[in-house]
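Novice: Structure in structure tokens, see below.
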Amino acid sequence: MIGALELHGQTLAELEALVAEWGYPSFRAKQLFAWLHRGAAFEAMHTLPAGLRERLQAQATDRPAEVLETRRSALDGTIKLLYRLRDNHVVEGVLMRYRHGVTLCLSTQVGCAMGCAFCASTLDGKARDLTAAEMIGQVLCANTVLESGEAVHNVVLMGSGEPLENYGHTVNFLRLLREPDGLNIGLRHVSLSTCGLVPQMTRLAEEGLPVTLSVSLHAPNDTIRQTIMPVARAYPMNDLIDACRYYVSKTGRRVVFEYALMRGINEKPEHARELAGWLRGLQCHVNLIPLNIVEGRDFYAAGPQEIRAFQAQLEQLHISVTQRREMGADIQGACGQLRRAFISGKTKEG
């Protein structure tokens with residue numbers, strides 16, 4: 001039922017208003033909130049009165065997203081998830097196991113409108129924003145495919161879509177994510193990736209949400225960045241770095257810069273020196289990313305030697321830097337790849 005109420009995106013206060021309208025006391029809302037964020041079906045919410053469960057089944061959905069397909073990497077155990085939403089759109093996520101717990105990379109939009117030239121997510125444009133309920137639904141679905149005793153511990157908003165273009169739903173999701181009676185994931189365990197929407201970055205700094213801000217930079221100057229990232233034409237490097245400094249000053253959290261090394265474009269030692277000039281004195285870390293090859297895009301990954309030289313140059317200039325560990329390479333792990341394969345008919349429902 002497409003028009004059904006999406007209760008997973010509602011706050012406790014909103015649920016209290018709803019159950020009061022239906023003639024039930026407010027403590028039923030707290031019970032309902034907890035059941036929803038455990039991923040329970042309405043019929044399984046045994047502490048709720050039968051009449052309330054029937055009302056919920058008639059008017060709401062207990063499944064804002066469902067797992068359509070899973071792929072497990074034989075290389076590192078990474079799990080790629082393809083989700084189906086209630087309107088039959090599909091989005092994807094990735095479960096990765098680290099020493100510090102299980103991390104879920106989730107999507108915030110169906111597709112993406114940002115147009116970054118090297119990215120698979122934006123090739124078909126953006127269909128629509130995801131709701132906070134659908135983002136919560138991705139976490140709940142992910143927990144169902146993990147082994148007994150495991151649960152998502154860290155969340156990265158780095159799947160398809162630009163989280164800060166979907167600002168309202170994204171912030172609502174973050175507030176719900178940390179609720180003690182809900183998923184109870186602290187926001188210091190959350191990273192949010194943006195291509196650099198400066199006004200929204202500044203606004204986020206004021207929200208009191210201590211998430212790690214990851215900025216998709218991918219270039220050491222405006223000339224290169226504007227060639228590969230249309231957003232840079234609206235927000236040049238100077239404005240972007242100023243917004244990052246403001247974020248650090250308001251949150252006390254360092255900013256992470258994502259930098260995909262592309263052969264012949266942004267991978268030379270002089271590019272590293274230019275990048276260091278922007279970042280000197282800023283509480284930050286650079287995450288070097290070996291570029292994922294995307295069908296239909298004429299961009300190629302820098303070689304291991306170039307990546308090592310780039311990293312060494314930054315280290316010599318006292319910039320904190322690491323190379324991202326590649327995960328899920330054998331299961332279309334990069335964001336947007338599995339969804340594109342599905343909608344083009346190159347994969348089957350699983």
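Each chain in the structure tokens gets a letter, A, B and so on, in the order shown; residues start at 1 in every chain, and ligands are counted from 1 in the order they appear.
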Please identify all polymer residues within 6 Å of A:Gly111, counting only C-alpha atoms, omitting same-chain residues fewer than 3 positions from it, and present them as number ranges by chain.

Specialist: A: 121-122, 125-126, 160-161

Novice: Might you pull out every residue within 9 Å of A:Ala272, with only C-alpha atoms counted and same-chain residues fewer than 6 positions away left off, and present them as an mmCIF file with N, CA and C atoms, in the first residue's frame?

Specialist:
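Resulting contents of out-v2.cif:
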```cif
data_model
loop_
_atom_site.group_PDB
_atom_site.id
_atom_site.type_symbol
_atom_site.label_atom_id
_atom_site.label_comp_id
_atom_site.auth_asym_id
_atom_site.auth_seq_id
_atom_site.Cartn_x
_atom_site.Cartn_y
_atom_site.Cartn_z
ATOM 1 N N PRO A 220 42.781 19.272 -6.432
ATOM 2 C CA PRO A 220 43.547 20.228 -5.639
ATOM 3 C C PRO A 220 43.310 21.682 -6.014
ATOM 4 N N ASN A 266 44.543 14.025 -11.543
ATOM 5 C CA ASN A 266 44.721 14.658 -10.223
ATOM 6 C C ASN A 266 45.726 13.936 -9.336
ATOM 7 N N PHE A 310 51.856 9.911 -4.089
ATOM 8 C CA PHE A 310 50.933 10.971 -3.662
ATOM 9 C C PHE A 310 50.821 10.967 -2.142
ATOM 10 N N GLN A 311 50.658 9.791 -1.571
ATOM 11 C CA GLN A 311 50.530 9.678 -0.117
ATOM 12 C C GLN A 311 51.815 10.136 0.573
ATOM 13 N N GLN A 313 53.997 12.248 -0.469
ATOM 14 C CA GLN A 313 54.136 13.699 -0.577
ATOM 15 C C GLN A 313 53.296 14.409 0.483
ATOM 16 N N LEU A 314 52.064 13.951 0.688
ATOM 17 C CA LEU A 314 51.218 14.548 1.720
ATOM 18 C C LEU A 314 51.813 14.328 3.113
#
```

Novice: Check which residues of stretch 83-114 of chain A sit at most 10 Å from stretch 315-328 of chain A using only C-alpha atoms, and return one row each with the closest pair of atoms and their distance in Å to one decimal, ordered by chain and rising number, as a tab-separated table.

Specialist:
```
residue	atom	partner	partner_atom	distance
A:Val94	CA	A:Gly328	CA	8.5
A:Leu95	CA	A:Gly328	CA	9.4
A:Met96	CA	A:Met327	CA	7.7
A:Arg97	CA	A:Met327	CA	9.7
```

Novice: Limited to C-alpha atoms, could you put the picked residues into a file as an mmCIF file, in the first residue's frame?

Specialist:
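Result file result_35.cif:
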```
data_model
loop_
_atom_site.group_PDB
_atom_site.id
_atom_site.type_symbol
_atom_site.label_atom_id
_atom_site.label_comp_id
_atom_site.auth_asym_id
_atom_site.auth_seq_id
_atom_site.Cartn_x
_atom_site.Cartn_y
_atom_site.Cartn_z
ATOM 1 C CA VAL A 94 27.049 -2.139 1.624
ATOM 2 C CA LEU A 95 27.815 -3.976 4.871
ATOM 3 C CA MET A 96 31.495 -4.028 5.823
ATOM 4 C CA ARG A 97 33.104 -5.719 8.809
#
```

Novice: Skip A:Ser216 itself and residues of its chain fewer than 4 positions away, then list as a JSON list (two decimals) with N, CA, C and O atoms, in the first residue's frame all residues within 9 Å of it, counting only C-alpha atoms.

Specialist:
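File written: selection14.json
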```
[["chain", "number", "residue", "atom", "x", "y", "z"],
["A", 193, "SER", "N", 28.73, 12.01, 3.88],
["A", 193, "SER", "CA", 29.53, 12.45, 2.74],
["A", 193, "SER", "C", 28.76, 13.47, 1.91],
["A", 193, "SER", "O", 27.59, 13.27, 1.59],
["A", 194, "THR", "N", 29.44, 14.54, 1.55],
["A", 194, "THR", "CA", 28.84, 15.56, 0.68],
["A", 194, "THR", "C", 29.82, 15.93, -0.42],
["A", 194, "THR", "O", 31.04, 15.90, -0.23],
["A", 195, "CYS", "N", 29.27, 16.27, -1.57],
["A", 195, "CYS", "CA", 30.12, 16.74, -2.67],
["A", 195, "CYS", "C", 30.51, 18.20, -2.48],
["A", 195, "CYS", "O", 31.32, 18.72, -3.24],
["A", 196, "GLY", "N", 29.95, 18.85, -1.44],
["A", 196, "GLY", "CA", 30.36, 20.22, -1.14],
["A", 196, "GLY", "C", 29.28, 21.26, -1.30],
["A", 196, "GLY", "O", 29.51, 22.31, -1.91],
["A", 256, "VAL", "N", 36.96, 14.86, 7.01],
["A", 256, "VAL", "CA", 37.66, 13.89, 6.17],
["A", 256, "VAL", "C", 37.47, 14.30, 4.71],
["A", 256, "VAL", "O", 36.34, 14.57, 4.27],
["A", 257, "PHE", "N", 38.55, 14.38, 3.97],
["A", 257, "PHE", "CA", 38.48, 14.69, 2.54],
["A", 257, "PHE", "C", 38.69, 13.42, 1.73],
["A", 257, "PHE", "O", 39.70, 12.73, 1.87],
["A", 258, "GLU", "N", 37.69, 13.09, 0.92],
["A", 258, "GLU", "CA", 37.78, 11.93, 0.03],
["A", 258, "GLU", "C", 38.43, 12.37, -1.28],
["A", 258, "GLU", "O", 38.04, 13.38, -1.88],
["A", 259, "TYR", "N", 39.43, 11.61, -1.68],
["A", 259, "TYR", "CA", 40.19, 12.00, -2.87],
["A", 259, "TYR", "C", 40.45, 10.75, -3.71],
["A", 259, "TYR", "O", 41.29, 9.90, -3.39],
["A", 260, "ALA", "N", 39.68, 10.60, -4.80],
["A", 260, "ALA", "CA", 39.84, 9.48, -5.73],
["A", 260, "ALA", "C", 40.93, 9.83, -6.74],
["A", 260, "ALA", "O", 40.83, 10.84, -7.44]]
```

Novice: What's around A:His218 at 12 Å? Count only C-alpha atoms, leave out sequence neighbours fewer than 6 positions away in its own chain, and write the answer as an mmCIF file with N, CA, C and O atoms, in the first residue's frame.

Specialist:
```cif
data_model
loop_
_atom_site.group_PDB
_atom_site.id
_atom_site.type_symbol
_atom_site.label_atom_id
_atom_site.label_comp_id
_atom_site.auth_asym_id
_atom_site.auth_seq_id
_atom_site.Cartn_x
_atom_site.Cartn_y
_atom_site.Cartn_z
ATOM 1 N N CYS A 116 28.639 14.205 -10.872
ATOM 2 C CA CYS A 116 30.092 13.995 -10.822
ATOM 3 C C CYS A 116 30.502 13.053 -11.956
ATOM 4 O O CYS A 116 29.903 11.993 -12.145
ATOM 5 N N ALA A 117 31.518 13.441 -12.698
ATOM 6 C CA ALA A 117 31.814 12.794 -13.973
ATOM 7 C C ALA A 117 32.322 11.367 -13.845
ATOM 8 O O ALA A 117 32.295 10.613 -14.821
ATOM 9 N N PHE A 118 32.791 10.963 -12.653
ATOM 10 C CA PHE A 118 33.401 9.650 -12.472
ATOM 11 C C PHE A 118 32.507 8.678 -11.715
ATOM 12 O O PHE A 118 32.921 7.568 -11.403
ATOM 13 N N CYS A 119 31.264 9.078 -11.415
ATOM 14 C CA CYS A 119 30.420 8.327 -10.491
ATOM 15 C C CYS A 119 29.296 7.583 -11.212
ATOM 16 O O CYS A 119 28.670 8.119 -12.135
ATOM 17 N N THR A 194 29.442 14.543 1.546
ATOM 18 C CA THR A 194 28.843 15.558 0.680
ATOM 19 C C THR A 194 29.821 15.930 -0.421
ATOM 20 O O THR A 194 31.040 15.904 -0.227
ATOM 21 N N CYS A 195 29.273 16.270 -1.574
ATOM 22 C CA CYS A 195 30.116 16.737 -2.669
ATOM 23 C C CYS A 195 30.509 18.197 -2.483
ATOM 24 O O CYS A 195 31.321 18.719 -3.245
ATOM 25 N N GLY A 196 29.949 18.854 -1.444
ATOM 26 C CA GLY A 196 30.364 20.218 -1.142
ATOM 27 C C GLY A 196 29.279 21.262 -1.304
ATOM 28 O O GLY A 196 29.514 22.312 -1.908
ATOM 29 N N ILE A 224 40.508 21.841 -12.012
ATOM 30 C CA ILE A 224 40.257 20.400 -12.144
ATOM 31 C C ILE A 224 38.905 20.045 -11.553
ATOM 32 O O ILE A 224 38.126 19.288 -12.148
ATOM 33 N N ARG A 225 38.604 20.617 -10.386
ATOM 34 C CA ARG A 225 37.367 20.227 -9.704
ATOM 35 C C ARG A 225 36.128 20.608 -10.521
ATOM 36 O O ARG A 225 35.153 19.857 -10.586
ATOM 37 N N GLN A 226 36.160 21.755 -11.151
ATOM 38 C CA GLN A 226 35.006 22.170 -11.949
ATOM 39 C C GLN A 226 34.839 21.301 -13.189
ATOM 40 O O GLN A 226 33.727 21.188 -13.715
ATOM 41 N N THR A 227 35.903 20.682 -13.637
ATOM 42 C CA THR A 227 35.831 19.791 -14.796
ATOM 43 C C THR A 227 35.134 18.486 -14.463
ATOM 44 O O THR A 227 34.384 17.943 -15.284
ATOM 45 N N ILE A 228 35.357 17.982 -13.249
ATOM 46 C CA ILE A 228 34.826 16.660 -12.895
ATOM 47 C C ILE A 228 33.636 16.710 -11.949
ATOM 48 O O ILE A 228 32.925 15.716 -11.803
ATOM 49 N N MET A 229 33.390 17.878 -11.325
ATOM 50 C CA MET A 229 32.304 17.999 -10.346
ATOM 51 C C MET A 229 31.540 19.301 -10.578
ATOM 52 O O MET A 229 32.017 20.390 -10.207
ATOM 53 N N ALA A 232 31.242 22.326 -8.098
ATOM 54 C CA ALA A 232 32.350 23.247 -7.867
ATOM 55 C C ALA A 232 32.177 24.565 -8.605
ATOM 56 O O ALA A 232 32.815 25.564 -8.247
ATOM 57 N N MET A 237 36.677 26.301 -4.267
ATOM 58 C CA MET A 237 37.480 25.708 -3.205
ATOM 59 C C MET A 237 37.590 26.612 -1.980
ATOM 60 O O MET A 237 37.518 26.145 -0.848
ATOM 61 N N VAL A 256 36.959 14.856 7.013
ATOM 62 C CA VAL A 256 37.660 13.895 6.165
ATOM 63 C C VAL A 256 37.471 14.304 4.709
ATOM 64 O O VAL A 256 36.345 14.570 4.272
ATOM 65 N N PHE A 257 38.551 14.378 3.969
ATOM 66 C CA PHE A 257 38.481 14.689 2.543
ATOM 67 C C PHE A 257 38.687 13.416 1.732
ATOM 68 O O PHE A 257 39.705 12.732 1.869
ATOM 69 N N GLU A 258 37.694 13.095 0.921
ATOM 70 C CA GLU A 258 37.776 11.932 0.033
ATOM 71 C C GLU A 258 38.430 12.372 -1.279
ATOM 72 O O GLU A 258 38.042 13.379 -1.878
ATOM 73 N N TYR A 259 39.429 11.606 -1.684
ATOM 74 C CA TYR A 259 40.193 11.996 -2.873
ATOM 75 C C TYR A 259 40.453 10.745 -3.715
ATOM 76 O O TYR A 259 41.292 9.904 -3.386
ATOM 77 N N ALA A 260 39.677 10.600 -4.801
ATOM 78 C CA ALA A 260 39.839 9.484 -5.729
ATOM 79 C C ALA A 260 40.930 9.830 -6.742
ATOM 80 O O ALA A 260 40.831 10.840 -7.443
ATOM 81 N N LEU A 261 41.949 9.017 -6.809
ATOM 82 C CA LEU A 261 43.100 9.291 -7.670
ATOM 83 C C LEU A 261 42.835 8.775 -9.079
ATOM 84 O O LEU A 261 42.627 7.577 -9.291
ATOM 85 N N MET A 262 42.833 9.713 -10.053
ATOM 86 C CA MET A 262 42.497 9.397 -11.438
ATOM 87 C C MET A 262 43.707 9.643 -12.336
ATOM 88 O O MET A 262 44.306 10.718 -12.289
ATOM 89 N N ILE A 265 44.843 13.021 -14.276
ATOM 90 C CA ILE A 265 43.959 14.132 -13.907
ATOM 91 C C ILE A 265 44.376 14.806 -12.607
ATOM 92 O O ILE A 265 44.536 16.034 -12.555
ATOM 93 N N ASN A 266 44.543 14.025 -11.543
ATOM 94 C CA ASN A 266 44.721 14.658 -10.223
ATOM 95 C C ASN A 266 45.726 13.936 -9.336
ATOM 96 O O ASN A 266 45.706 14.094 -8.128
ATOM 97 N N GLU A 267 46.609 13.115 -9.915
ATOM 98 C CA GLU A 267 47.393 12.162 -9.122
ATOM 99 C C GLU A 267 48.879 12.484 -9.027
ATOM 100 O O GLU A 267 49.646 11.738 -8.438
ATOM 101 N N HIS A 271 50.123 17.927 -7.573
ATOM 102 C CA HIS A 271 48.744 18.021 -7.108
ATOM 103 C C HIS A 271 48.679 17.806 -5.592
ATOM 104 O O HIS A 271 47.911 18.480 -4.897
ATOM 105 N N ALA A 272 49.489 16.883 -5.095
ATOM 106 C CA ALA A 272 49.535 16.650 -3.647
ATOM 107 C C ALA A 272 50.031 17.890 -2.916
ATOM 108 O O ALA A 272 49.498 18.266 -1.859
ATOM 109 N N LEU A 275 47.263 20.448 -2.922
ATOM 110 C CA LEU A 275 46.235 20.053 -1.964
ATOM 111 C C LEU A 275 46.670 20.385 -0.539
ATOM 112 O O LEU A 275 45.885 20.918 0.254
ATOM 113 N N VAL A 286 42.947 13.069 5.031
ATOM 114 C CA VAL A 286 42.723 12.780 3.615
ATOM 115 C C VAL A 286 42.621 11.272 3.436
ATOM 116 O O VAL A 286 43.489 10.520 3.886
ATOM 117 N N ASN A 287 41.564 10.857 2.777
ATOM 118 C CA ASN A 287 41.313 9.443 2.496
ATOM 119 C C ASN A 287 41.508 9.234 0.996
ATOM 120 O O ASN A 287 40.681 9.659 0.184
ATOM 121 N N LEU A 288 42.619 8.609 0.632
ATOM 122 C CA LEU A 288 42.902 8.369 -0.783
ATOM 123 C C LEU A 288 42.138 7.137 -1.253
ATOM 124 O O LEU A 288 42.152 6.094 -0.598
ATOM 125 N N ILE A 289 41.478 7.254 -2.394
ATOM 126 C CA ILE A 289 40.602 6.197 -2.893
ATOM 127 C C ILE A 289 41.070 5.743 -4.264
ATOM 128 O O ILE A 289 41.108 6.538 -5.208
ATOM 129 N N PRO A 290 41.432 4.473 -4.397
ATOM 130 C CA PRO A 290 41.669 3.950 -5.749
ATOM 131 C C PRO A 290 40.349 3.982 -6.530
ATOM 132 O O PRO A 290 39.356 3.422 -6.091
ATOM 133 N N LEU A 291 40.329 4.643 -7.638
ATOM 134 C CA LEU A 291 39.090 4.849 -8.385
ATOM 135 C C LEU A 291 38.483 3.533 -8.838
ATOM 136 O O LEU A 291 39.177 2.651 -9.358
#
```

Novice: Run DSSP on the backbone and give me the residues of stretch 199-254 of chain A it puts in strand (DSSP E or B), as number ranges by chain.

Specialist: A: 212-216

Novice: Got a sec: who's within 7 Å of A:Val190, counting only C-alpha atoms, leaving out chain neighbours fewer than 6 positions off, as an MDAnalysis selection string?

Specialist: chainID A and resid 154:156 211:212

Novice: Which residues, written as a count of residues only, have at least one atom at most 8 Å from A:Val90, with only C-alpha atoms counted and residues fewer than 6 positions away on the same chain left out?

Specialist: 5

Novice: Would you pick out the contacts of A:Asn172 at 10 Å or less, using only C-alpha atoms, so that residues sharing its chain but fewer than 4 positions from it are not included, and give the list as an MDAnalysis selection string?

Specialist: chainID A and resid 9:11 131:133 135 167:168 176:177

Novice: Given the choices A:Leu279, A:Leu104, A:Leu7, A:Ile241, which gets closest to A:His189 if the distance is worked out from only C-alpha atoms?

Specialist: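 The shortest atom-to-atom distance to A:His189 comes from A:Leu104.
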
Novice: What does the structure give for the distance between atom CA of A:Ala29 and atom CA of A:Leu15, in Å to one decimal?

Specialist: 5.3 Å

Novice: Just asking: which residues within stretch 142-288 of chain A are alpha helix (DSSP H) according to DSSP, as a VMD selection string?

Specialist: chain A and resid 142 to 145 167 to 177 198 to 205 222 to 228 237 to 251 269 to 279

Novice: Find the residue from A:Cys112, A:Val102, A:Glu134, A:Leu197 that sits nearest to A:Ala151; use only C-alpha atoms when measuring.

Specialist: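 Counting only C-alpha atoms, the residue closest to A:Ala151 is A:Val102.
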
Novice: How many Å separate atom CA of A:His153 from atom CA of A:Val248?

Specialist: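 Those two atoms sit 23.8 Å apart.
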
Novice: Counting only C-alpha atoms, figure out which residue out of A:Gly149, A:Pro210, A:Gly93, A:Gly159 gets nearest to A:Val255.

Specialist: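 Among A:Gly149, A:Pro210, A:Gly93, A:Gly159, it is A:Pro210 that comes nearest to A:Val255.
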